[in-house]
Amino acid sequence: MRLGLEIAVARAAGRLSRLAGRGGGTTLPGKILATVDPDAVGTLARRLPLGSALLSATNGKTTTAAIVAEILDGRVRLAHNRAGANLVSGVASALLASPDAELGLFEVDEGAFPDVARRVRPHAVCLANLFRDQLDRYGELELIAEHWRDAVGELPEDAWVVANADDPLVADLVRGREAALRFGLDDPRVARERLPHAADSKYCVACGTPYDYAAAYVGHLGDWRCPGCGLARPPLDVWAGAIDLDGLEGASFDLHTPEGKQRVELRLPGLYNVYNAVAAASLALVLGASAAEICAGIGRFRGAFGRFERIRAGDRDVLLLLVKNPAGANEVVRTLVAGGAPRLAVVALNDDIADGRDVSWIWDVDFEPLLDGLERVVATGARAQELALRCKYGGLDPEAIEVVPDLEEALDRGLALTPPGGELVVLPTYTAMLALRRIVAGRGFVRNYWEAAA
Amino acid sequence: MSRNKVVVGHLYPDYLNIYADRGNMAVLERRAAWRGIGFDYRAIGMGDGIVPGEHDLLYVGGGQDREQALVALDLVGKGEAIREAAEAGTAVLAVCGGYQLLGRFYRDRAGVELPGVGVLPLHTVAGEGRMIGDVLLECELVRGERRPLAGFENHAGRTILDDGAEPLGRVVAGFGNDGRSGHEGCRVGRAVGTYLHGPLLPRNAWFADWILAQALAHRLGEPPQLESLPDDLEESAQRVSAARARARGGRR
């Protein structure tokens with residue numbers, strides 16, 4: 001009974017937080033519950049009749065989990081932390097918010113994954129990628145992989161681990177595991193000519209030799225092989241082939257599953273979203289969805305908030321594309337340029353904990369293809385000057401760079417420079433994205449994310 | 001030999017590049033170009049030899065532990081050539097992991113000592129807990145000229161300077177070499193090592209120019225007086241970074 005009372009207190013706190021105007025209150029109930037009873041998350045999760053699935057990655061968690069939710073929509077009732085609150089407290093809040101849920105679907109922060117896995121005891125786990133991201137928070141990539149390895153080792157033998165075989169570090173976590181589903185891409189036509197500057201995990205996990213890539217798709221993800229010891233990408237169980245990228249509009253591909261091949265239309269742009277879709281398809285498959293349900297779900301999906309979002313702002317559109325680390329930003333740049341490089345962009349760099357306090361990552365992003373087409377950039381956010389320097393030393397004429405640290409002023413400046421009927425490209429880091437959405441929500445253009453998530 | 005150019009050797013750009021080391025290179029290249037100074041960039045990889053006197057500046061960046069371990073042995077093999085170059089007046093800039101590798105040795109948690117290049121009079125000992133955050137230093141590379149240097153640090157190693165060795169600067173805010181000494185970095189003549197990345201040079205334009213002048217000094221005998229550039233943006237970025245360090249540097 002004690003748990004019941006704690007739950008009531010925690011739910012009330014979430015409502016109070018929203019009423020008090022303190023943001024979404026998406027983690028406050030969970031924080032209270034996690035504080036008064038640290039075991040409660042596990043207790044609640046184990047009440048779910050169909051168990052839980054966890055999804056972790058440095059890139060694409062929110063989008064991938066949202067696609068899985070779309071696929072399962074109408075099939076099962078979910079407890080899902082769809083607003084992206086992905087620490088233990090966020091999982092607790094999602095459980096509290098969905099008392100009649102049958103299945104838990106939780107994206108989990110890469111650093112918090114081992115702890116959450118121990119508490120929740122998932123029967124399926126999806127590990128989608130490891131890119132360098134926020135080294136100031138977590139230390140090094142290899143360290144995260146080791147923690148993941150321990151957590152995977154503690155899962156029951158029959159728990160499914162869905163792993164990105166195109167990521168050598170992730171593929172190695174399921175080497176020899178029976179209950180594993182391995183996914184990836186297979187279409188050298190859409191590969192990059194060479195590894196990007198910021199590629200991680202370039203050296204063989206077993207012997208240290210640089211990998212050879214038959215195809216490099218996104219960052220270090222691809223068809224890899226070690227010329228030193230022969231370790232190579234394992235055979236794929238689920239993959240995307242015959243990929244057609246349609247600029248900013250979307251992508252289509254053949255989804256190969258053990259059931260066969262089906263053409264899938266994705267309304268999200270870029271190869272990185274093809275990865276998200278294939279990861280989602282693979283996880284949905286082990287959760288019992290059919291190939292037909294998967295294709296239909298992916299086809300219905302329209303994007304997770306702020307990751308790739310078109311917002312109507314009066315007689316102009318704002319295209320919001322989240323950038324948060326070199327691998328993700330490189331793909332955003334590639335996708336934008338493929339869709340016709342914009343001549344104007346607002347780029348927002350904050351340095352709160354959720355953005356990463358170390359802003360050096362912007363120098364690892366290959367911004368140059370975007371800079372080549374820009375006639376004007378509005379640099380904004382708490383570290384607007386650093387962004388402006390990145391553009392200046394990246395070769396953009398200093399006269400073309402405007403430094404407007406205040407986000408709202410920068411948005412208005414960008415809109416003023418955009419002709420009526422035109423589209424303004426905005427590239428924000430995480431907290432800048434939340435703040436910009438609050439600003440446009442305040443003007444009645446979009447719903448607040450906690451309303452959309454409700 | 002052209003007097004108006006610099007030859008820059010970048011050690012292991014494929015391995016040691018984690019904290020945007022190419023930002024440092026871009027800054028040196030542009031600031032040289034804006035003054036009509038040639039910039040001859042040469043990557044130095046695994047197994048490549050170093051010809052004494054070839055480079056005016058040698059640069060070593062930082063990597064994750066694994067990448068650092070992969071290059072450590074190769075670097076020790078280049079040690080003699082790098083020491084000779086530094087003694088003959090080649091400028092050296094080593095950041096983060098590269099800073100540790102240029103010391104005499106690195107002692108890991110198990111007490112095993114990995115040999116370093118020995119260009120800088122210091123050693124590093126692995127410690128508990130990383131020192132992560134914004135940093136602000138006060139440097140006096142030219143007597144009587146105190147200048148701020150702002151950056152970001154992220155290291156588990158504690159670096160201890162030999163008695164009498166000269167630090168790069170005094171820690172105003174942040175951890176610095178070991179979190180206790182109040183010192184950051186190390187300088188021997190034209191060779192400098194530091195934990196500061198962020199990257200280091202874009203927001204510390206005066207220091208970028210000091211490094212460039214040291215590299216030119218290898219050619220000219222004396223560091224030249226470089227013409228000044230419009231650095232309002234660089235200075236405002238430095239002010240923001242310095243304020244960050246004052247507000248939240250050196251905290252665990």
# chains A, B, ... in the order shown; residues from 1 in each chain; ligands from 1

$ interface_residues --of "chain A" --to "chain B" --cutoff "7 Å" --atoms "only C-alpha atoms" --output "compact mmCIF listing (two decimals) with N, CA, C and O atoms, in the first residue's frame"
# COMPACT_ATOMS: atom_id res chain seq x y z
N ASP A 136 32.33 15.40 -21.74
CA ASP A 136 32.47 16.07 -20.45
C ASP A 136 31.57 15.42 -19.40
O ASP A 136 31.77 15.55 -18.22
N GLU A 140 34.76 8.55 -21.60
CA GLU A 140 35.05 8.10 -22.95
C GLU A 140 34.10 7.02 -23.44
O GLU A 140 33.49 6.29 -22.69
N ASP A 358 31.10 21.28 -22.72
CA ASP A 358 32.28 21.45 -23.57
C ASP A 358 31.78 21.65 -25.00
O ASP A 358 31.21 20.74 -25.59
N VAL A 359 31.99 22.85 -25.54
CA VAL A 359 31.44 23.14 -26.87
C VAL A 359 32.43 22.82 -27.99
O VAL A 359 32.17 23.11 -29.16
N SER A 360 33.54 22.20 -27.68
CA SER A 360 34.56 21.96 -28.71
C SER A 360 34.05 21.07 -29.84
O SER A 360 34.62 21.07 -30.93
N TRP A 361 32.98 20.31 -29.57
CA TRP A 361 32.47 19.40 -30.60
C TRP A 361 32.08 20.11 -31.90
O TRP A 361 32.10 19.49 -32.96
N TRP A 363 33.71 21.98 -33.60
CA TRP A 363 34.85 21.98 -34.53
C TRP A 363 35.04 20.64 -35.18
O TRP A 363 35.78 20.52 -36.15
N ASP A 364 34.43 19.60 -34.63
CA ASP A 364 34.52 18.27 -35.24
C ASP A 364 33.41 18.04 -36.27
O ASP A 364 33.40 17.03 -36.95
N GLN A 385 29.14 33.22 -29.70
CA GLN A 385 30.44 33.69 -30.23
C GLN A 385 31.31 32.54 -30.71
O GLN A 385 32.06 32.67 -31.67
N GLU A 386 31.23 31.40 -29.99
CA GLU A 386 32.03 30.24 -30.40
C GLU A 386 31.58 29.74 -31.78
O GLU A 386 32.38 29.35 -32.61
N LEU A 389 32.84 31.98 -34.38
CA LEU A 389 34.25 31.70 -34.68
C LEU A 389 34.39 30.46 -35.55
O LEU A 389 35.23 30.41 -36.45
N TYR A 393 36.38 30.81 -38.99
CA TYR A 393 37.58 30.04 -39.34
C TYR A 393 37.26 28.89 -40.29
O TYR A 393 38.17 28.26 -40.82

$ select_by_dssp --residues "range 57-125 of chain A" --states "alpha helix (DSSP H)" --output "PyMOL selection string"
chain A and resi 61-72+88-97+113-120

$ residues_around --residues "range 176-182 of chain A" --least-positions-apart "3" --cutoff "9 Å" --atoms "only C-alpha atoms" --output "list in words"
Glu157, Asp158, Ala159, Trp160, Val161, Val162, Ala163, Asn164, Ala165, Asp166, Ala171, Asp172, Leu173, Pro234, Pro235, Leu236, Asp237, Val238, Trp239, Ser282, Leu283 and Val286 of chain A

$ write_last_selection --atoms "N, CA, C and O atoms" --output "PDB file, in the first residue's frame"
ATOM      1  N   GLU A 157      19.296 -15.101 -20.370  1.00  0.00           N
ATOM      2  CA  GLU A 157      19.705 -15.639 -21.669  1.00  0.00           C
ATOM      3  C   GLU A 157      18.673 -15.432 -22.761  1.00  0.00           C
ATOM      4  O   GLU A 157      18.998 -15.282 -23.931  1.00  0.00           O
ATOM      5  N   ASP A 158      17.377 -15.453 -22.363  1.00  0.00           N
ATOM      6  CA  ASP A 158      16.335 -15.382 -23.385  1.00  0.00           C
ATOM      7  C   ASP A 158      15.883 -13.945 -23.666  1.00  0.00           C
ATOM      8  O   ASP A 158      14.968 -13.733 -24.454  1.00  0.00           O
ATOM      9  N   ALA A 159      16.516 -12.973 -23.030  1.00  0.00           N
ATOM     10  CA  ALA A 159      16.167 -11.580 -23.347  1.00  0.00           C
ATOM     11  C   ALA A 159      16.783 -11.225 -24.694  1.00  0.00           C
ATOM     12  O   ALA A 159      17.957 -11.505 -24.946  1.00  0.00           O
ATOM     13  N   TRP A 160      15.981 -10.594 -25.560  1.00  0.00           N
ATOM     14  CA  TRP A 160      16.474 -10.219 -26.886  1.00  0.00           C
ATOM     15  C   TRP A 160      17.363  -8.990 -26.814  1.00  0.00           C
ATOM     16  O   TRP A 160      17.001  -8.006 -26.172  1.00  0.00           O
ATOM     17  N   VAL A 161      18.486  -9.049 -27.494  1.00  0.00           N
ATOM     18  CA  VAL A 161      19.305  -7.857 -27.662  1.00  0.00           C
ATOM     19  C   VAL A 161      19.350  -7.538 -29.158  1.00  0.00           C
ATOM     20  O   VAL A 161      19.830  -8.340 -29.961  1.00  0.00           O
ATOM     21  N   VAL A 162      18.794  -6.391 -29.494  1.00  0.00           N
ATOM     22  CA  VAL A 162      18.795  -5.929 -30.881  1.00  0.00           C
ATOM     23  C   VAL A 162      19.977  -4.986 -31.020  1.00  0.00           C
ATOM     24  O   VAL A 162      20.077  -3.994 -30.288  1.00  0.00           O
ATOM     25  N   ALA A 163      20.909  -5.301 -31.901  1.00  0.00           N
ATOM     26  CA  ALA A 163      22.161  -4.530 -31.949  1.00  0.00           C
ATOM     27  C   ALA A 163      22.469  -4.074 -33.363  1.00  0.00           C
ATOM     28  O   ALA A 163      22.212  -4.779 -34.336  1.00  0.00           O
ATOM     29  N   ASN A 164      23.034  -2.874 -33.444  1.00  0.00           N
ATOM     30  CA  ASN A 164      23.453  -2.337 -34.738  1.00  0.00           C
ATOM     31  C   ASN A 164      24.776  -2.991 -35.138  1.00  0.00           C
ATOM     32  O   ASN A 164      25.826  -2.664 -34.593  1.00  0.00           O
ATOM     33  N   ALA A 165      24.713  -3.896 -36.098  1.00  0.00           N
ATOM     34  CA  ALA A 165      25.913  -4.627 -36.519  1.00  0.00           C
ATOM     35  C   ALA A 165      26.866  -3.727 -37.293  1.00  0.00           C
ATOM     36  O   ALA A 165      28.042  -4.055 -37.444  1.00  0.00           O
ATOM     37  N   ASP A 166      26.367  -2.576 -37.791  1.00  0.00           N
ATOM     38  CA  ASP A 166      27.213  -1.653 -38.543  1.00  0.00           C
ATOM     39  C   ASP A 166      28.141  -0.845 -37.632  1.00  0.00           C
ATOM     40  O   ASP A 166      29.042  -0.170 -38.109  1.00  0.00           O
ATOM     41  N   ALA A 171      28.335  -4.046 -32.166  1.00  0.00           N
ATOM     42  CA  ALA A 171      28.250  -5.428 -32.654  1.00  0.00           C
ATOM     43  C   ALA A 171      29.006  -6.371 -31.726  1.00  0.00           C
ATOM     44  O   ALA A 171      28.588  -7.503 -31.482  1.00  0.00           O
ATOM     45  N   ASP A 172      30.120  -5.868 -31.195  1.00  0.00           N
ATOM     46  CA  ASP A 172      30.949  -6.718 -30.345  1.00  0.00           C
ATOM     47  C   ASP A 172      30.248  -7.093 -29.035  1.00  0.00           C
ATOM     48  O   ASP A 172      30.584  -8.096 -28.414  1.00  0.00           O
ATOM     49  N   LEU A 173      29.260  -6.298 -28.636  1.00  0.00           N
ATOM     50  CA  LEU A 173      28.568  -6.563 -27.368  1.00  0.00           C
ATOM     51  C   LEU A 173      27.690  -7.806 -27.457  1.00  0.00           C
ATOM     52  O   LEU A 173      27.305  -8.377 -26.436  1.00  0.00           O
ATOM     53  N   PRO A 234      29.022  -8.840 -38.683  1.00  0.00           N
ATOM     54  CA  PRO A 234      28.334 -10.130 -38.756  1.00  0.00           C
ATOM     55  C   PRO A 234      27.197 -10.084 -39.766  1.00  0.00           C
ATOM     56  O   PRO A 234      26.760  -9.003 -40.170  1.00  0.00           O
ATOM     57  N   PRO A 235      26.693 -11.249 -40.207  1.00  0.00           N
ATOM     58  CA  PRO A 235      25.553 -11.252 -41.130  1.00  0.00           C
ATOM     59  C   PRO A 235      24.362 -10.528 -40.508  1.00  0.00           C
ATOM     60  O   PRO A 235      24.125 -10.632 -39.306  1.00  0.00           O
ATOM     61  N   LEU A 236      23.620  -9.803 -41.353  1.00  0.00           N
ATOM     62  CA  LEU A 236      22.500  -9.008 -40.853  1.00  0.00           C
ATOM     63  C   LEU A 236      21.222  -9.833 -40.841  1.00  0.00           C
ATOM     64  O   LEU A 236      20.964 -10.604 -41.762  1.00  0.00           O
ATOM     65  N   ASP A 237      20.408  -9.659 -39.793  1.00  0.00           N
ATOM     66  CA  ASP A 237      19.089 -10.297 -39.725  1.00  0.00           C
ATOM     67  C   ASP A 237      18.010  -9.387 -40.314  1.00  0.00           C
ATOM     68  O   ASP A 237      17.037  -9.844 -40.891  1.00  0.00           O
ATOM     69  N   VAL A 238      18.196  -8.089 -40.105  1.00  0.00           N
ATOM     70  CA  VAL A 238      17.248  -7.098 -40.620  1.00  0.00           C
ATOM     71  C   VAL A 238      18.079  -5.978 -41.247  1.00  0.00           C
ATOM     72  O   VAL A 238      19.048  -5.530 -40.648  1.00  0.00           O
ATOM     73  N   TRP A 239      17.729  -5.574 -42.461  1.00  0.00           N
ATOM     74  CA  TRP A 239      18.500  -4.496 -43.077  1.00  0.00           C
ATOM     75  C   TRP A 239      17.686  -3.711 -44.090  1.00  0.00           C
ATOM     76  O   TRP A 239      16.644  -4.167 -44.551  1.00  0.00           O
ATOM     77  N   SER A 282      13.504  -3.505 -36.139  1.00  0.00           N
ATOM     78  CA  SER A 282      14.106  -4.680 -35.514  1.00  0.00           C
ATOM     79  C   SER A 282      13.565  -4.889 -34.104  1.00  0.00           C
ATOM     80  O   SER A 282      13.245  -6.013 -33.705  1.00  0.00           O
ATOM     81  N   LEU A 283      13.468  -3.789 -33.358  1.00  0.00           N
ATOM     82  CA  LEU A 283      12.941  -3.914 -31.994  1.00  0.00           C
ATOM     83  C   LEU A 283      11.467  -4.319 -32.033  1.00  0.00           C
ATOM     84  O   LEU A 283      11.025  -5.180 -31.269  1.00  0.00           O
ATOM     85  N   VAL A 286      11.049  -8.101 -32.550  1.00  0.00           N
ATOM     86  CA  VAL A 286      11.182  -8.981 -31.384  1.00  0.00           C
ATOM     87  C   VAL A 286      10.062  -8.741 -30.376  1.00  0.00           C
ATOM     88  O   VAL A 286       9.812  -9.573 -29.513  1.00  0.00           O
TER      89      VAL A 286
END

$ closest_residue --among "B:Gly144, B:Leu168, B:Trp210, B:His10" --to "Pro224 in chain B" --atoms "only C-alpha atoms"
B:Trp210

$ residues_around --residues "Ala199 in chain A" --least-positions-apart "2" --cutoff "12 Å" --atoms "only C-alpha atoms" --output "MDAnalysis selection string"
(chainID A and resid 130:133 167 192 194:197 201:203 210:211 216:222 325:328 330 364:366) or (chainID B and resid 14:18)

$ select_by_dssp --residues "range 6-245 of chain B" --states "strand (DSSP E)" --output "PyMOL selection string"
chain B and resi 6-11+38-44+57-60+91-95+105-107+113-115+122-142+145-161+169-173+183-184+186-188+191-194

$ residues_around --residues "range 32-45 of chain B" --least-positions-apart "4" --cutoff "8 Å" --atoms "only C-alpha atoms" --output "ChimeraX atom specification"
/B:4-14,28,49-50,212,227

$ residues_around --residues "Pro342 in chain A" --least-positions-apart "3" --cutoff "9 Å" --atoms "only C-alpha atoms" --output "list in words"
Leu336, Val337, Gly339, Ala345, Leu370, Gly373, Leu374, Glu375, Leu424 and Val425 of chain A

$ write_last_selection --atoms "all heavy atoms" --output "PDB file, in the first residue's frame"
ATOM      1  N   LEU A 336      20.614  18.480 -45.335  1.00  0.00           N
ATOM      2  CA  LEU A 336      20.218  19.838 -45.744  1.00  0.00           C
ATOM      3  C   LEU A 336      20.805  20.186 -47.100  1.00  0.00           C
ATOM      4  O   LEU A 336      20.105  20.707 -47.978  1.00  0.00           O
ATOM      5  CB  LEU A 336      20.761  20.851 -44.732  1.00  0.00           C
ATOM      6  CG  LEU A 336      19.864  21.304 -43.600  1.00  0.00           C
ATOM      7  CD1 LEU A 336      20.628  22.273 -42.711  1.00  0.00           C
ATOM      8  CD2 LEU A 336      18.596  21.969 -44.127  1.00  0.00           C
ATOM      9  N   VAL A 337      22.079  19.891 -47.274  1.00  0.00           N
ATOM     10  CA  VAL A 337      22.746  20.241 -48.527  1.00  0.00           C
ATOM     11  C   VAL A 337      22.168  19.432 -49.687  1.00  0.00           C
ATOM     12  O   VAL A 337      21.958  19.957 -50.783  1.00  0.00           O
ATOM     13  CB  VAL A 337      24.275  20.061 -48.398  1.00  0.00           C
ATOM     14  CG1 VAL A 337      24.965  20.199 -49.745  1.00  0.00           C
ATOM     15  CG2 VAL A 337      24.840  21.078 -47.409  1.00  0.00           C
ATOM     16  N   GLY A 339      19.195  18.484 -49.965  1.00  0.00           N
ATOM     17  CA  GLY A 339      17.872  19.006 -50.276  1.00  0.00           C
ATOM     18  C   GLY A 339      17.923  20.406 -50.878  1.00  0.00           C
ATOM     19  O   GLY A 339      16.894  21.066 -50.999  1.00  0.00           O
ATOM     20  N   ALA A 345      20.747  30.562 -42.289  1.00  0.00           N
ATOM     21  CA  ALA A 345      20.462  29.616 -41.211  1.00  0.00           C
ATOM     22  C   ALA A 345      20.635  30.311 -39.871  1.00  0.00           C
ATOM     23  O   ALA A 345      21.474  31.200 -39.726  1.00  0.00           O
ATOM     24  CB  ALA A 345      21.387  28.396 -41.290  1.00  0.00           C
ATOM     25  N   LEU A 370      27.801  23.234 -45.704  1.00  0.00           N
ATOM     26  CA  LEU A 370      26.693  24.149 -45.418  1.00  0.00           C
ATOM     27  C   LEU A 370      27.173  25.595 -45.549  1.00  0.00           C
ATOM     28  O   LEU A 370      26.508  26.437 -46.166  1.00  0.00           O
ATOM     29  CB  LEU A 370      26.170  23.885 -44.003  1.00  0.00           C
ATOM     30  CG  LEU A 370      25.010  24.736 -43.513  1.00  0.00           C
ATOM     31  CD1 LEU A 370      23.760  24.467 -44.346  1.00  0.00           C
ATOM     32  CD2 LEU A 370      24.721  24.454 -42.045  1.00  0.00           C
ATOM     33  N   GLY A 373      27.277  27.341 -48.979  1.00  0.00           N
ATOM     34  CA  GLY A 373      26.076  27.866 -49.615  1.00  0.00           C
ATOM     35  C   GLY A 373      25.448  29.038 -48.864  1.00  0.00           C
ATOM     36  O   GLY A 373      24.518  29.669 -49.350  1.00  0.00           O
ATOM     37  N   LEU A 374      25.942  29.332 -47.656  1.00  0.00           N
ATOM     38  CA  LEU A 374      25.285  30.346 -46.822  1.00  0.00           C
ATOM     39  C   LEU A 374      25.698  31.760 -47.214  1.00  0.00           C
ATOM     40  O   LEU A 374      26.878  32.045 -47.406  1.00  0.00           O
ATOM     41  CB  LEU A 374      25.634  30.129 -45.342  1.00  0.00           C
ATOM     42  CG  LEU A 374      24.959  28.974 -44.612  1.00  0.00           C
ATOM     43  CD1 LEU A 374      25.455  28.909 -43.174  1.00  0.00           C
ATOM     44  CD2 LEU A 374      23.445  29.117 -44.642  1.00  0.00           C
ATOM     45  N   GLU A 375      24.685  32.622 -47.306  1.00  0.00           N
ATOM     46  CA  GLU A 375      24.976  34.044 -47.494  1.00  0.00           C
ATOM     47  C   GLU A 375      24.932  34.765 -46.164  1.00  0.00           C
ATOM     48  O   GLU A 375      25.483  35.844 -45.991  1.00  0.00           O
ATOM     49  CB  GLU A 375      23.953  34.659 -48.448  1.00  0.00           C
ATOM     50  CG  GLU A 375      24.172  34.183 -49.872  1.00  0.00           C
ATOM     51  CD  GLU A 375      22.996  34.511 -50.767  1.00  0.00           C
ATOM     52  OE1 GLU A 375      22.072  35.222 -50.307  1.00  0.00           O
ATOM     53  OE2 GLU A 375      23.003  34.050 -51.923  1.00  0.00           O
ATOM     54  N   LEU A 424      12.665  29.054 -42.946  1.00  0.00           N
ATOM     55  CA  LEU A 424      13.869  29.383 -42.177  1.00  0.00           C
ATOM     56  C   LEU A 424      14.435  28.119 -41.545  1.00  0.00           C
ATOM     57  O   LEU A 424      13.738  27.422 -40.812  1.00  0.00           O
ATOM     58  CB  LEU A 424      13.521  30.400 -41.079  1.00  0.00           C
ATOM     59  CG  LEU A 424      14.653  30.739 -40.092  1.00  0.00           C
ATOM     60  CD1 LEU A 424      15.809  31.441 -40.798  1.00  0.00           C
ATOM     61  CD2 LEU A 424      14.120  31.603 -38.945  1.00  0.00           C
ATOM     62  N   VAL A 425      15.697  27.832 -41.831  1.00  0.00           N
ATOM     63  CA  VAL A 425      16.362  26.658 -41.262  1.00  0.00           C
ATOM     64  C   VAL A 425      16.971  27.047 -39.912  1.00  0.00           C
ATOM     65  O   VAL A 425      17.723  28.009 -39.819  1.00  0.00           O
ATOM     66  CB  VAL A 425      17.457  26.142 -42.218  1.00  0.00           C
ATOM     67  CG1 VAL A 425      18.321  25.077 -41.534  1.00  0.00           C
ATOM     68  CG2 VAL A 425      16.828  25.588 -43.489  1.00  0.00           C
TER      69      VAL A 425
END

$ residues_around --residues "range 189-193 of chain B" --least-positions-apart "3" --cutoff "7 Å" --atoms "only C-alpha atoms" --output "list in words"
Ala86, Gly89, Ala91, Val92, Leu93, Ala94, Val95, Tyr99, Gly185, Cys186 and Gln214 of chain B

$ write_last_selection --atoms "all heavy atoms" --output "mmCIF file, in the first residue's frame"
data_model
loop_
_atom_site.group_PDB
_atom_site.id
_atom_site.type_symbol
_atom_site.label_atom_id
_atom_site.label_comp_id
_atom_site.auth_asym_id
_atom_site.auth_seq_id
_atom_site.Cartn_x
_atom_site.Cartn_y
_atom_site.Cartn_z
ATOM 1 N N ALA B 86 63.045 20.137 -30.884
ATOM 2 C CA ALA B 86 62.720 21.151 -29.877
ATOM 3 C C ALA B 86 63.981 21.875 -29.413
ATOM 4 O O ALA B 86 63.989 23.100 -29.255
ATOM 5 C CB ALA B 86 61.999 20.498 -28.695
ATOM 6 N N GLY B 89 65.054 24.540 -31.686
ATOM 7 C CA GLY B 89 64.206 25.717 -31.820
ATOM 8 C C GLY B 89 62.875 25.532 -32.521
ATOM 9 O O GLY B 89 62.177 26.507 -32.781
ATOM 10 N N ALA B 91 59.089 25.068 -32.599
ATOM 11 C CA ALA B 91 58.034 25.300 -31.606
ATOM 12 C C ALA B 91 57.204 24.029 -31.463
ATOM 13 O O ALA B 91 57.073 23.266 -32.419
ATOM 14 C CB ALA B 91 57.164 26.470 -32.042
ATOM 15 N N VAL B 92 56.691 23.792 -30.259
ATOM 16 C CA VAL B 92 55.879 22.600 -29.998
ATOM 17 C C VAL B 92 54.631 23.028 -29.248
ATOM 18 O O VAL B 92 54.719 23.805 -28.293
ATOM 19 C CB VAL B 92 56.662 21.564 -29.148
ATOM 20 C CG1 VAL B 92 55.787 20.341 -28.862
ATOM 21 C CG2 VAL B 92 57.959 21.147 -29.831
ATOM 22 N N LEU B 93 53.476 22.541 -29.702
ATOM 23 C CA LEU B 93 52.239 22.746 -28.942
ATOM 24 C C LEU B 93 51.590 21.394 -28.739
ATOM 25 O O LEU B 93 51.307 20.681 -29.705
ATOM 26 C CB LEU B 93 51.286 23.695 -29.686
ATOM 27 C CG LEU B 93 49.920 23.915 -29.020
ATOM 28 C CD1 LEU B 93 50.060 24.504 -27.615
ATOM 29 C CD2 LEU B 93 49.038 24.837 -29.869
ATOM 30 N N ALA B 94 51.384 21.027 -27.474
ATOM 31 C CA ALA B 94 50.796 19.731 -27.145
ATOM 32 C C ALA B 94 49.581 19.971 -26.257
ATOM 33 O O ALA B 94 49.657 20.705 -25.275
ATOM 34 C CB ALA B 94 51.813 18.861 -26.421
ATOM 35 N N VAL B 95 48.455 19.379 -26.641
ATOM 36 C CA VAL B 95 47.211 19.642 -25.932
ATOM 37 C C VAL B 95 46.680 18.341 -25.337
ATOM 38 O O VAL B 95 46.638 17.307 -26.009
ATOM 39 C CB VAL B 95 46.167 20.264 -26.891
ATOM 40 C CG1 VAL B 95 44.813 20.380 -26.223
ATOM 41 C CG2 VAL B 95 46.639 21.636 -27.363
ATOM 42 N N TYR B 99 49.894 16.480 -24.364
ATOM 43 C CA TYR B 99 50.646 17.103 -23.260
ATOM 44 C C TYR B 99 51.225 16.016 -22.354
ATOM 45 O O TYR B 99 52.414 16.029 -22.020
ATOM 46 C CB TYR B 99 49.683 18.021 -22.515
ATOM 47 C CG TYR B 99 50.164 18.642 -21.226
ATOM 48 C CD1 TYR B 99 51.461 19.141 -21.100
ATOM 49 C CD2 TYR B 99 49.293 18.781 -20.139
ATOM 50 C CE1 TYR B 99 51.872 19.758 -19.913
ATOM 51 C CE2 TYR B 99 49.692 19.388 -18.963
ATOM 52 C CZ TYR B 99 50.986 19.874 -18.852
ATOM 53 O OH TYR B 99 51.369 20.460 -17.684
ATOM 54 N N GLY B 185 49.631 23.649 -17.256
ATOM 55 C CA GLY B 185 50.485 23.558 -18.424
ATOM 56 C C GLY B 185 51.959 23.645 -18.075
ATOM 57 O O GLY B 185 52.356 23.688 -16.898
ATOM 58 N N CYS B 186 52.765 23.685 -19.103
ATOM 59 C CA CYS B 186 54.208 23.746 -18.924
ATOM 60 C C CYS B 186 54.807 24.417 -20.159
ATOM 61 O O CYS B 186 54.301 24.250 -21.268
ATOM 62 C CB CYS B 186 54.769 22.328 -18.777
ATOM 63 S SG CYS B 186 56.541 22.281 -18.460
ATOM 64 N N GLN B 214 56.370 32.010 -32.583
ATOM 65 C CA GLN B 214 57.419 31.076 -32.151
ATOM 66 C C GLN B 214 57.840 30.173 -33.319
ATOM 67 O O GLN B 214 59.017 29.857 -33.478
ATOM 68 C CB GLN B 214 56.943 30.210 -30.976
ATOM 69 C CG GLN B 214 56.548 30.986 -29.733
ATOM 70 C CD GLN B 214 57.644 31.918 -29.251
ATOM 71 O OE1 GLN B 214 58.777 31.502 -29.015
ATOM 72 N NE2 GLN B 214 57.305 33.193 -29.126
#

$ atom_distance --atom1 "CA of Ala92 in chain A" --atom2 "CA of Glu146 in chain A"
25.2 Å

$ closest_residue --among "A:Gln262, A:Asn129, A:Thr209, A:Ser252" --to "Cys229 in chain A" --atoms "only C-alpha atoms"
A:Thr209

$ closest_residue --among "A:Phe183, A:Tyr430, A:Phe113, A:Phe445" --to "Thr257 in chain A" --atoms "only C-alpha atoms"
A:Phe183
